[in-house]
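> This is protein-v8.tsv (TSV, C-alpha atoms).
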chain	number	residue	atom	x	y	z
I	1	MET	CA	98.17	30.44	203.61
I	2	LEU	CA	100.17	31.23	206.73
I	3	SER	CA	101.46	34.75	207.23
I	4	ARG	CA	105.20	35.36	207.53
I	5	ARG	CA	104.76	35.98	211.26
I	6	GLN	CA	102.89	32.66	211.67
I	7	CYS	CA	105.61	30.90	209.70
I	8	MET	CA	108.22	32.44	211.96
I	9	LEU	CA	106.40	31.28	215.11
I	10	ALA	CA	106.05	27.77	213.69
I	11	GLY	CA	109.13	27.35	212.68
I	12	ALA	CA	133.16	31.51	216.11
I	13	LEU	CA	135.26	30.52	213.76
I	14	TYR	CA	135.21	32.08	210.32
I	15	GLY	CA	135.75	29.42	207.72
I	16	LEU	CA	134.46	27.27	204.96
I	17	ALA	CA	132.00	24.46	205.65
I	18	PRO	CA	132.60	22.18	202.65
I	19	LEU	CA	129.94	20.05	201.02
I	20	HIS	CA	131.19	16.78	199.58
I	21	ALA	CA	130.30	16.51	195.92
I	22	ALA	CA	127.24	14.35	195.25
I	23	GLN	CA	127.48	11.53	192.76
I	24	SER	CA	124.45	12.62	190.76
I	25	ALA	CA	121.95	15.46	190.45
I	26	GLY	CA	119.39	13.37	192.33
I	27	ALA	CA	121.54	12.85	195.41
I	28	GLY	CA	120.28	14.03	198.79
I	29	ASP	CA	120.95	17.29	200.59
I	30	PRO	CA	124.33	17.18	202.38
I	31	LEU	CA	122.95	19.54	205.05
I	32	ASN	CA	120.13	17.08	205.83
I	33	SER	CA	117.56	19.86	206.05
I	34	PRO	CA	113.88	18.84	206.19
I	35	GLN	CA	113.05	22.18	204.53
I	36	TRP	CA	115.13	21.41	201.43
I	37	PRO	CA	112.46	19.61	199.33
I	38	THR	CA	110.07	22.53	199.79
I	39	LEU	CA	112.77	25.08	198.92
I	40	GLN	CA	113.81	23.09	195.86
I	41	GLN	CA	110.24	23.04	194.58
I	42	GLU	CA	109.41	26.66	195.43
I	43	TYR	CA	112.54	28.38	194.13
I	44	LEU	CA	113.84	25.98	191.48
I	45	GLY	CA	110.60	24.44	190.27
I	46	GLY	CA	111.84	21.05	191.47
I	47	ALA	CA	114.89	21.12	189.18
I	48	PRO	CA	117.70	18.73	190.20
I	49	VAL	CA	120.70	20.17	192.03
I	50	ARG	CA	124.25	18.83	192.04
I	51	PHE	CA	125.84	19.61	195.40
I	52	THR	CA	129.53	20.35	195.04
I	53	ASP	CA	132.51	21.88	196.83
I	54	ALA	CA	133.01	24.07	193.74
I	55	VAL	CA	130.24	26.32	195.11
I	56	ARG	CA	131.84	27.86	198.20
I	57	LEU	CA	129.85	29.60	200.90
I	58	ARG	CA	131.98	31.05	203.69
I	59	THR	CA	130.41	32.25	206.93
I	60	PRO	CA	131.04	32.10	210.69
I	61	ALA	CA	130.09	28.80	212.30
I	62	PHE	CA	128.22	30.84	214.95
I	63	ALA	CA	126.39	34.11	214.28
I	64	GLU	CA	127.50	36.36	217.13
I	65	ASP	CA	125.30	39.15	215.77
I	66	PRO	CA	122.21	37.62	214.11
I	67	LEU	CA	121.36	40.99	212.51
I	68	ASN	CA	124.70	41.07	210.67
I	69	VAL	CA	125.92	37.63	209.62
I	70	PRO	CA	128.78	37.85	207.08
I	71	VAL	CA	128.43	35.59	204.03
I	72	GLN	CA	130.68	35.15	201.01
I	73	VAL	CA	129.70	33.16	197.94
I	74	ASP	CA	132.39	32.18	195.43
I	75	ALA	CA	131.48	30.21	192.30
I	76	ARG	CA	134.68	30.78	190.30
I	77	ALA	CA	135.75	27.15	190.73
I	78	LEU	CA	132.40	26.01	189.36
I	79	ALA	CA	132.75	28.19	186.26
I	80	ASP	CA	136.20	26.65	185.66
I	81	GLU	CA	135.02	23.10	186.39
I	82	THR	CA	131.94	23.19	184.14
I	83	ASP	CA	133.43	25.48	181.49
I	84	SER	CA	130.08	27.28	181.55
I	85	PRO	CA	129.52	30.90	182.68
I	86	ILE	CA	127.44	31.56	185.75
I	87	ARG	CA	123.93	32.78	184.94
I	88	ARG	CA	122.68	33.50	188.46
I	89	ILE	CA	123.17	32.76	192.13
I	90	VAL	CA	120.31	32.42	194.63
I	91	VAL	CA	120.96	32.54	198.39
I	92	LEU	CA	118.43	30.92	200.75
I	93	ALA	CA	118.20	30.46	204.51
I	94	ASP	CA	116.18	27.31	205.19
I	95	ARG	CA	114.77	28.24	208.61
I	96	ASN	CA	114.35	31.97	208.26
I	97	PRO	CA	110.74	33.20	208.25
I	98	ILE	CA	111.67	34.83	204.93
I	99	ARG	CA	113.83	32.26	203.22
I	100	GLN	CA	114.92	34.07	200.06
I	101	VAL	CA	117.88	36.34	200.83
I	102	LEU	CA	119.10	37.58	197.44
I	103	GLY	CA	119.68	36.80	193.79
I	104	PHE	CA	122.84	37.76	191.91
I	105	GLU	CA	123.47	37.89	188.15
I	106	PRO	CA	127.22	38.37	187.66
I	107	LEU	CA	126.92	39.32	183.95
I	108	ARG	CA	130.39	40.90	183.34
I	109	ALA	CA	131.52	40.59	186.95
I	110	LEU	CA	133.18	37.59	188.58
I	111	PRO	CA	130.78	35.16	190.32
I	112	VAL	CA	131.91	36.31	193.78
I	113	LEU	CA	129.77	38.22	196.28
I	114	ALA	CA	130.07	39.11	199.97
I	115	PHE	CA	127.29	40.65	202.07
I	116	ARG	CA	125.65	40.55	205.50
I	117	MET	CA	122.28	39.03	206.37
I	118	ARG	CA	119.80	38.56	209.21
I	119	LEU	CA	119.31	35.12	210.72
I	120	GLU	CA	116.28	34.32	212.87
I	121	GLN	CA	117.59	31.00	214.23
I	122	ALA	CA	120.20	28.34	213.57
I	123	SER	CA	119.82	27.41	209.92
I	124	PRO	CA	121.43	26.02	206.80
I	125	VAL	CA	122.32	28.87	204.44
I	126	ARG	CA	122.88	27.79	200.88
I	127	ALA	CA	124.00	29.20	197.54
I	128	LEU	CA	122.31	27.72	194.49
I	129	VAL	CA	124.12	28.49	191.25
I	130	GLN	CA	122.72	28.12	187.74
I	131	THR	CA	125.18	27.86	184.86
I	132	HIS	CA	124.31	28.97	181.34
I	133	ASP	CA	123.58	25.38	180.34
I	134	GLY	CA	120.59	25.54	182.71
I	135	GLN	CA	122.03	23.18	185.34
I	136	TRP	CA	121.84	23.96	189.08
I	137	HIS	CA	124.73	23.43	191.49
I	138	GLY	CA	124.62	23.91	195.26
I	139	GLY	CA	126.83	24.65	198.23
I	140	GLY	CA	126.17	25.86	201.75
I	141	ALA	CA	126.88	25.79	205.45
I	142	MET	CA	125.06	25.33	208.74
I	143	ILE	CA	125.15	28.48	210.89
I	144	GLN	CA	124.41	28.34	214.60
I	145	ALA	CA	122.66	31.40	216.04
I	146	ALA	CA	121.01	32.58	219.23
I	147	GLY	CA	118.33	33.99	216.97
I	148	GLY	CA	116.04	36.97	216.65
I	149	GLY	CA	117.78	38.65	213.72
I	150	CYS	CA	114.61	39.05	211.64
I	151	THR	CA	112.25	40.19	214.38
I	152	VAL	CA	114.01	43.16	216.00
I	153	PRO	CA	114.50	46.61	214.44
I	154	GLY	CA	117.89	47.66	213.14
I	155	ALA	CA	119.90	50.45	214.72
I	156	SER	CA	118.91	53.13	212.19
I	157	ARG	CA	115.23	52.30	212.62
I	158	ALA	CA	115.51	52.34	216.41
I	159	ASP	CA	117.14	55.80	216.53
I	160	GLY	CA	115.31	57.24	213.51
I	161	SER	CA	118.49	58.12	211.63
I	162	TRP	CA	117.41	56.21	208.49
I	163	LYS	CA	115.32	59.21	207.40
I	164	ASP	CA	118.45	61.36	207.01
I	165	THR	CA	120.54	58.82	205.10
I	166	LEU	CA	118.04	56.88	202.96
I	167	GLY	CA	119.47	56.04	199.54
I	168	GLN	CA	122.95	57.44	200.15
I	169	VAL	CA	125.75	55.42	198.52
I	170	GLN	CA	129.37	54.96	199.56
I	171	ALA	CA	131.62	53.13	197.09
I	172	ARG	CA	135.29	52.38	196.60
I	173	VAL	CA	137.24	50.28	194.11
I	174	PHE	CA	140.41	48.41	195.14
I	175	PRO	CA	142.86	47.13	192.50
I	176	ASN	CA	144.18	43.59	192.11
I	177	LEU	CA	142.95	42.00	195.36
I	178	ILE	CA	142.08	38.93	193.34
I	179	GLU	CA	144.33	38.26	190.36
I	180	GLY	CA	142.75	39.64	187.22
I	181	SER	CA	140.04	41.60	189.01
I	182	ARG	CA	139.20	44.84	190.80
I	183	ARG	CA	137.22	44.75	194.02
I	184	LEU	CA	134.16	46.99	194.40
I	185	ARG	CA	132.89	47.60	197.91
I	186	LEU	CA	129.76	49.65	198.35
I	187	ARG	CA	127.20	50.51	201.00
I	188	VAL	CA	123.64	51.64	200.31
I	189	MET	CA	121.91	53.28	203.26
I	190	HIS	CA	118.51	51.69	203.88
I	191	PRO	CA	116.78	50.26	207.00
I	192	MET	CA	115.85	46.98	205.24
I	193	ASP	CA	112.85	46.37	207.48
I	194	THR	CA	111.61	42.77	207.36
I	195	GLY	CA	107.96	43.50	208.18
I	196	LEU	CA	108.20	41.12	211.17
I	197	VAL	CA	108.53	43.88	213.81
I	198	ASP	CA	105.26	45.16	215.28
I	199	GLY	CA	104.20	48.44	213.70
I	200	ILE	CA	106.97	48.50	211.07
I	201	PRO	CA	105.94	47.30	207.58
I	202	ALA	CA	108.35	45.66	205.17
I	203	PHE	CA	110.59	48.33	203.64
I	204	HIS	CA	113.61	47.11	201.75
I	205	LEU	CA	115.75	47.50	198.65
I	206	GLU	CA	114.51	45.32	195.81
I	207	GLN	CA	116.97	45.87	192.97
I	208	LEU	CA	120.48	47.18	192.35
I	209	GLU	CA	122.51	47.17	189.15
I	210	LEU	CA	125.83	48.59	188.03
I	211	VAL	CA	125.76	50.10	184.51
I	212	ASP	CA	128.40	51.72	182.32
I	213	SER	CA	128.14	54.92	180.27
I	214	GLY	CA	126.46	52.98	177.47
I	215	ASP	CA	123.73	51.83	179.89
I	216	GLN	CA	125.03	48.25	179.75
I	217	PRO	CA	124.72	46.33	183.04
I	218	TRP	CA	127.80	44.72	184.59
I	219	TRP	CA	125.91	42.96	187.39
I	220	ARG	CA	122.39	42.85	188.89
I	221	LEU	CA	121.17	42.11	192.40
I	222	THR	CA	117.70	41.28	193.69
I	223	LEU	CA	117.53	41.87	197.44
I	224	HIS	CA	115.02	40.60	199.96
I	225	GLU	CA	114.21	41.45	203.56
I	226	PRO	CA	116.85	39.24	205.26
I	227	VAL	CA	119.71	41.36	203.86
I	228	SER	CA	121.10	43.44	206.74
I	229	GLU	CA	120.32	47.14	207.10
I	230	ASN	CA	122.53	49.55	205.15
I	231	PRO	CA	123.65	46.72	202.86
I	232	LEU	CA	127.42	46.39	202.57
I	233	LEU	CA	128.29	44.55	199.36
I	234	THR	CA	131.63	43.39	197.97
I	235	LEU	CA	131.92	42.31	194.33
I	236	GLU	CA	134.75	41.53	191.93
I	237	LEU	CA	134.97	43.27	188.54
I	238	PRO	CA	137.38	42.47	185.69
I	239	SER	CA	140.72	44.24	185.78
I	240	GLU	CA	139.80	46.43	182.81
I	241	VAL	CA	136.88	48.70	183.66
I	242	PRO	CA	135.66	52.13	182.50
I	243	PRO	CA	136.53	55.19	184.61
I	244	ALA	CA	133.03	55.43	186.06
I	245	PHE	CA	129.78	53.50	186.50
I	246	ARG	CA	126.33	54.34	187.78
I	247	LEU	CA	124.67	52.36	190.56
I	248	ARG	CA	120.92	52.29	190.05
I	249	GLY	CA	118.14	50.65	191.99
I	250	GLN	CA	114.91	50.99	193.89
I	251	ASP	CA	113.13	49.81	197.02
I	252	ASN	CA	109.66	48.32	197.46
I	253	ASN	CA	108.20	51.81	198.07
I	254	GLY	CA	109.52	53.18	194.79
I	255	ASN	CA	112.43	55.17	196.26
I	256	ARG	CA	115.30	55.33	193.77
I	257	VAL	CA	119.02	54.77	194.14
I	258	ASP	CA	121.19	56.62	191.61
I	259	ALA	CA	124.86	57.32	192.28
I	260	GLU	CA	128.13	57.58	190.39
I	261	VAL	CA	130.81	54.99	191.15
I	262	ARG	CA	134.32	56.10	190.17
I	263	THR	CA	136.92	53.44	189.50
Starting from the coordinates I provided, produce the structure as structure tokens.


Amino acid sequence: MLSRRQCMLAGALYGLAPLHAAQSAGAGDPLNSPQWPTLQQEYLGGAPVRFTDAVRLRTPAFAEDPLNVPVQVDARALADETDSPIRRIVVLADRNPIRQVLGFEPLRALPVLAFRMRLEQASPVRALVQTHDGQWHGGGAMIQAAGGGCTVPGASRADGSWKDTLGQVQARVFPNLIEGSRRLRLRVMHPMDTGLVDGIPAFHLEQLELVDSGDQPWWRLTLHEPVSENPLLTLELPSEVPPAFRLRGQDNNGNRVDAEVRT
């Protein structure tokens, strides 16, 4: 099996790049990516995917900073179209040396998520959404990039400041930015090392979840190395929320995240 480094060596305007809805679940990939069949088998077990404009992935057409590429995934239209709640969302970057970016279970939150990611080279980035009926639906965009986002250290690693801020959380809730919701924006301080920089092993957040006072989760995230350092996440909660939550999580070295989030 090739190492991640071997795989890596082998291998302007902000807007929406729409995917025209396919006629059937067996239709081809609208992004015409030669990596797609392998991704479909590896991450979905070969399950069929219906590509549709109802899964919206917004991102710049060109990644000016390949270490911090903004991405927004919005599957609200899909939930309305299929009349089935969203079970999970998986974000993949076809040509990254580490292709899996994150997984998101909305649970009680809206199926909307914004974050920043690293991009090693020009690549399709896609959101694959599973509804509660078990069906998969896909959307995505092609992002052009000068490259190198996965193979250079982040700023906090380069200056050593990550040691002083590791695990710190900043959070704020904004009311009514989307009708019927409250926007949660949070940052978790972490270097999110990919393991592809000489002498720096992989060191990244693995899990985050937002829980209420009854220990019930409102959303869960699984993060992988391509998420940018000091992850900045934006999520949408229902309009009626408790006065406080706890954000909990851990990284791949067992370091814990535990912080109060006031609403």

> For each of I:Glu260, I:Asp198, I:Asp133, I:Asp65, take the minimum atom-to-atom distance to I:Arg172, counting only C-alpha atoms, then give the residue where this is smallest.

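Answer, going by the shortest atom-to-atom distance: I:Glu260.
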
> Show me, as JSON, numbers by chain, the residues that have an atom within 7 Å of stretch 179-184 of chain I when counting only C-alpha atoms, minus same-chain residues fewer than 4 positions from it.

{"I": [172, 173, 174, 175, 234, 235, 236, 237, 238, 239]}

> Between atom CA of I:Ala61 and atom CA of I:Ala75, what is the distance in Å, rounded to a tenth?

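So the answer is 20.1 Å.
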
> Using all atoms listed in the file, collect all residues at a distance of at most 8 Å from (123.5, 37.8, 211.6) as written in the file, then present them as a list in words.

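The requested residues, written out, are Ala63, Glu64, Asp65, Pro66, Leu67, Asn68, Val69, Pro70, Arg116, Met117, Arg118, Leu119, Ala145, Gly149 and Ser228 of chain I.
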
> Figure out the distance between atom CA of I:Ser156 and atom CA of I:Asn230, please, to one decimal in Å.

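Taking atom CA of I:Asn230 as the start and atom CA of I:Ser156 as the end point, the length is 8.7 Å.
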
> Box time for stretch 122-134 of chain I: axis-aligned, enclosing all its listed atoms, 3 Å extra on each side; report centre and edge lengths in Å to one decimal, as JSON.


{"center_x": 122.5, "center_y": 27.3, "center_z": 197.0, "size_x": 11.4, "size_y": 9.8, "size_z": 39.2}

> Go through I:Asp53, I:Pro30, I:Leu186, I:Arg99 and flag the residue nearest I:Phe115, using all atoms listed in the file for the distances.

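Going through I:Asp53, I:Pro30, I:Leu186, I:Arg99 one by one, the smallest distance to I:Phe115 is for I:Leu186.
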
> With a distance cut-off of 9 Å and only C-alpha atoms, select the neighbouring residues of I:Arg157, excluding the residue or stretch itself and same-chain residues fewer than 6 positions from it, and output the selection as a ChimeraX atom specification.

/I:163,191,193

> Selected residues, C-alpha atoms, written as a PDB file, keeping the file's coordinate frame, please.


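Result file follows (out.pdb):
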ATOM      1  CA  LYS I 163     115.320  59.210 207.400  1.00  0.00           C
ATOM      2  CA  PRO I 191     116.780  50.260 207.000  1.00  0.00           C
ATOM      3  CA  ASP I 193     112.850  46.370 207.480  1.00  0.00           C
TER       4      ASP I 193
END

> Residues within 7 Å of stretch 76-89 of chain I, please, as a PyMOL selection string. Count only C-alpha atoms; anything in the same chain fewer than 3 positions from it doesn't count.

chain I and resi 54-55+103-106+111+127-133

> So, with all atoms listed in the file as the atoms that count, which of I:Leu233, I:Val211, I:Met142, I:Met192 lies closest to I:Ala171?

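For I:Ala171, the nearest of the candidates is I:Leu233.
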
> Rounded to one decimal place, report the atom CA of I:Asp215-atom CA of I:Glu240 distance in Å.

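Distance reported for this atom pair: 17.2 Å.
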
> Pick the closest to I:Gln100 from I:Arg262, I:Ala244, I:Gly214, I:Arg126: which is it, counting only C-alpha atoms?

I:Arg126

> Step by step: start from the point (114.1, 33.2, 208.3) in the file's coordinates, keep every protein, DNA or RNA residue that has an atom no farther than 10 Å from it, count all atoms listed in the file, and write the set as a VMD selection string.

chain I and resid 4 7 to 8 11 92 to 101 118 to 123 147 to 151 194 225 to 226
